[in-house]
Protein chains: 2
Amino acid sequence: MTRQQLFDNIRRKGSFLCVGLDTDIRRLPPHLKDDKNAIFTFNKAIIDATAPYCVAYKPNLAFYECFGIEGWTALEQTVKYIKDNYPDQFIIADAKRGDIGNTSAMYARSFFEHLDVDAITVAPYMGEDSITPFYGYEGKWVIVLGLTSNKGSHDFQLTTDNAGVPLYERVMSKASEWGNDDNTMFVVGATQGRMFEQVRRVAPNKFLLVPGVGAQGGSLEEVARYGIIDDCGLLVNSSRGIIYASEGEDFAAVAALKARELKEQMSAILKNKGII
Amino acid sequence: MTRQQLFDNIRRKGSFLCVGLDTDIRRLPPHLKDDKNAIFTFNKAIIDATAPYCVAYKPNLAFYECFGIEGWTALEQTVKYIKDNYPDQFIIADAKRGDIGNTSAMYARSFFEHLDVDAITVAPYMGEDSITPFYGYEGKWVIVLGLTSNKGSHDFQLTTDNAGVPLYERVMSKASEWGNDDNTMFVVGATQGRMFEQVRRVAPNKFLLVPGVGAQGGSLEEVARYGIIDDCGLLVNSSRGIIYASEGEDFAAVAALKARELKEQMSAILKNKGII
């Protein structure tokens, strides 16, 4: 998907919501417990319920790998279901991969050819040749970890070098040399609040994938205040706050309500900024 | 596997070789091309041929994920085959995972419960809560990326902070607080040569997983000169240099020769150091 197509979808729907499909089999509603394909059944219901309110889905690979072959099957079914039924949704494999060149090239094939998602998240620790193999796939995106939403983000990402530059800024500057505004995004956690001001200095035109709204405590208003740009430039993710909003038989209906709430807040923000 | 058991295996075999199962279906010998389960068939032959000369196997997940369900099946078969037939081999899932706490916990379940390997490689960028969920599994090991073997290792890992400490040292120091010498190893690339001297100052008693001998150009002698400690403290990995040493029908026999060559060099080093 091109940047223009993504922005068109954001405008049309009045939403920059990404729904995180972190489907944990231990948290599924009791009535699905005997379903042999429970993860996919759950995802399908969540997708049908939330698709009108979001522009992207982000399955986190950990939740699928955890069940080996069965989990991988559920992931492939989920991606195929979205592509077949909601082809305007941007699909992100939240995989945080990164390895030496020939291995990253294998991961790129895995996600962009075999699974055929729109984007993959990658971890920058191993540097340039761990990331560049993900480039060169038409319409595909590389989403580099910048400043993550968790407490541990302070351990290394905020370490300043001898010129006073924190590691996450160095990562963003370097990755901006390897990719461009049309194929590279950064992960910046919603919990980082005002740090978005500084992030926009380093990455003024990049789309940002923003996890951490909801269960992790980040504020949508603060993210938007400092992070939004002319063509929105934000995909804000909520996982647990939507998909586990109810653990009963009404899980899909309640997920839809939660997604709609976020979508309405987003529409207000987009209107307020004159984007829609 | 405990550290003592690992060291016992190293002494008994006179080897600290790890064979990397980076099995790329495009590089399999032509006579396997019609085999429906070619990856596992290939791995099984490599394992039977090399088991006398090594103490560990390291499948790199990228090469399996690349084929989705089929690849994952081949990986599970491979791990089970090693465990059933060579229970003294240490199995490392080279996955380089790392995510927010609840997600890393899912990865830990995936690798230590479902797949039941001895160790997993993890990427440190997201800090403490991305790594600690991998601890607490009896006899299991966390192998943290320290100073990797690729060119991109210079992009961030060697960046010095305002106290002059390079990032990889900070990672090793921090991770040494989270784990201990009996459940934590570090990845240090063989291509880093004399850097092993400095690595041993920061991590004097840790086992090091050392990729990069062979195809990537690292020297076993140099690694051993600076890296070896009283109970060896090294697992030196070779992947392509062994498994693709011949691309003909004799691939397993030639892999055995290459593994034996490395094993003999390692035996000489261990004798020279008085370890065996």
# chains A, B, ... in the order shown; residues from 1 in each chain; ligands from 1
$ residues_around --residues "range 126-141 of chain A" --least-positions-apart "2" --cutoff "6 Å" --atoms "only C-alpha atoms" --output "ChimeraX atom specification"
/A:1-2,98-101,104-105,108,118-119,124,183-184 /B:152-153,155
$ residues_around --residues "Gly233 in chain B" --least-positions-apart "5" --cutoff "7 Å" --atoms "only C-alpha atoms" --output "number ranges by chain"
B: 206-208, 228
$ select_by_dssp --residues "range 29-275 of chain A" --states "helix (DSSP H, G or I)" --output "ChimeraX atom specification"
/A:30-32,38-53,62-65,68-85,101-114,128-134,153-156,167-178,190-192,195-202,220-227,240-243,251-272
$ closest_residue --among "A:Arg200, A:Lys273, A:Arg240, A:Arg12" --to "chain B" --atoms "only C-alpha atoms"
A:Arg240
$ residues_around --residues "range 185-196 of chain B" --least-positions-apart "6" --cutoff "7 Å" --atoms "only C-alpha atoms" --output "list in words"
Val142, Ile143, Val144, Leu145, Gly146, Leu147, Thr148, Ser149, Lys206, Phe207, Leu208, Leu209, Val210, Pro211, Gly212, Val213, Gly217, Gly218, Ser219, Glu222, Val223, Tyr226 and Gly227 of chain B
$ write_last_selection --atoms "C-alpha atoms" --output "mmCIF file, in the first residue's frame"
data_model
loop_
_atom_site.group_PDB
_atom_site.id
_atom_site.type_symbol
_atom_site.label_atom_id
_atom_site.label_comp_id
_atom_site.auth_asym_id
_atom_site.auth_seq_id
_atom_site.Cartn_x
_atom_site.Cartn_y
_atom_site.Cartn_z
ATOM 1 C CA VAL B 142 18.889 -16.637 27.483
ATOM 2 C CA ILE B 143 21.477 -15.631 24.886
ATOM 3 C CA VAL B 144 21.582 -11.847 24.555
ATOM 4 C CA LEU B 145 22.963 -10.154 21.438
ATOM 5 C CA GLY B 146 26.166 -8.403 22.475
ATOM 6 C CA LEU B 147 28.570 -7.608 19.662
ATOM 7 C CA THR B 148 27.328 -9.263 16.487
ATOM 8 C CA SER B 149 29.360 -10.560 13.563
ATOM 9 C CA LYS B 206 29.766 -15.899 30.708
ATOM 10 C CA PHE B 207 29.467 -18.499 27.993
ATOM 11 C CA LEU B 208 29.703 -16.798 24.598
ATOM 12 C CA LEU B 209 27.885 -17.956 21.489
ATOM 13 C CA VAL B 210 30.234 -17.107 18.642
ATOM 14 C CA PRO B 211 28.908 -17.000 15.076
ATOM 15 C CA GLY B 212 30.945 -15.877 12.097
ATOM 16 C CA VAL B 213 33.638 -18.560 11.798
ATOM 17 C CA GLY B 217 35.528 -14.848 7.888
ATOM 18 C CA GLY B 218 36.160 -15.081 11.659
ATOM 19 C CA SER B 219 39.188 -16.911 13.042
ATOM 20 C CA GLU B 222 41.795 -15.614 17.610
ATOM 21 C CA VAL B 223 38.422 -16.235 19.279
ATOM 22 C CA TYR B 226 41.108 -14.153 23.918
ATOM 23 C CA GLY B 227 37.775 -15.804 24.687
#
$ closest_residue --among "B:Cys18, B:Met106, B:Ile39, B:Cys54" --to "Trp72 in chain B" --atoms "only C-alpha atoms"
B:Ile39
$ closest_residue --among "B:Ile69, B:Ala203, B:Ala93, B:Ala56" --to "Ile229 in chain B" --atoms "only C-alpha atoms"
B:Ala203
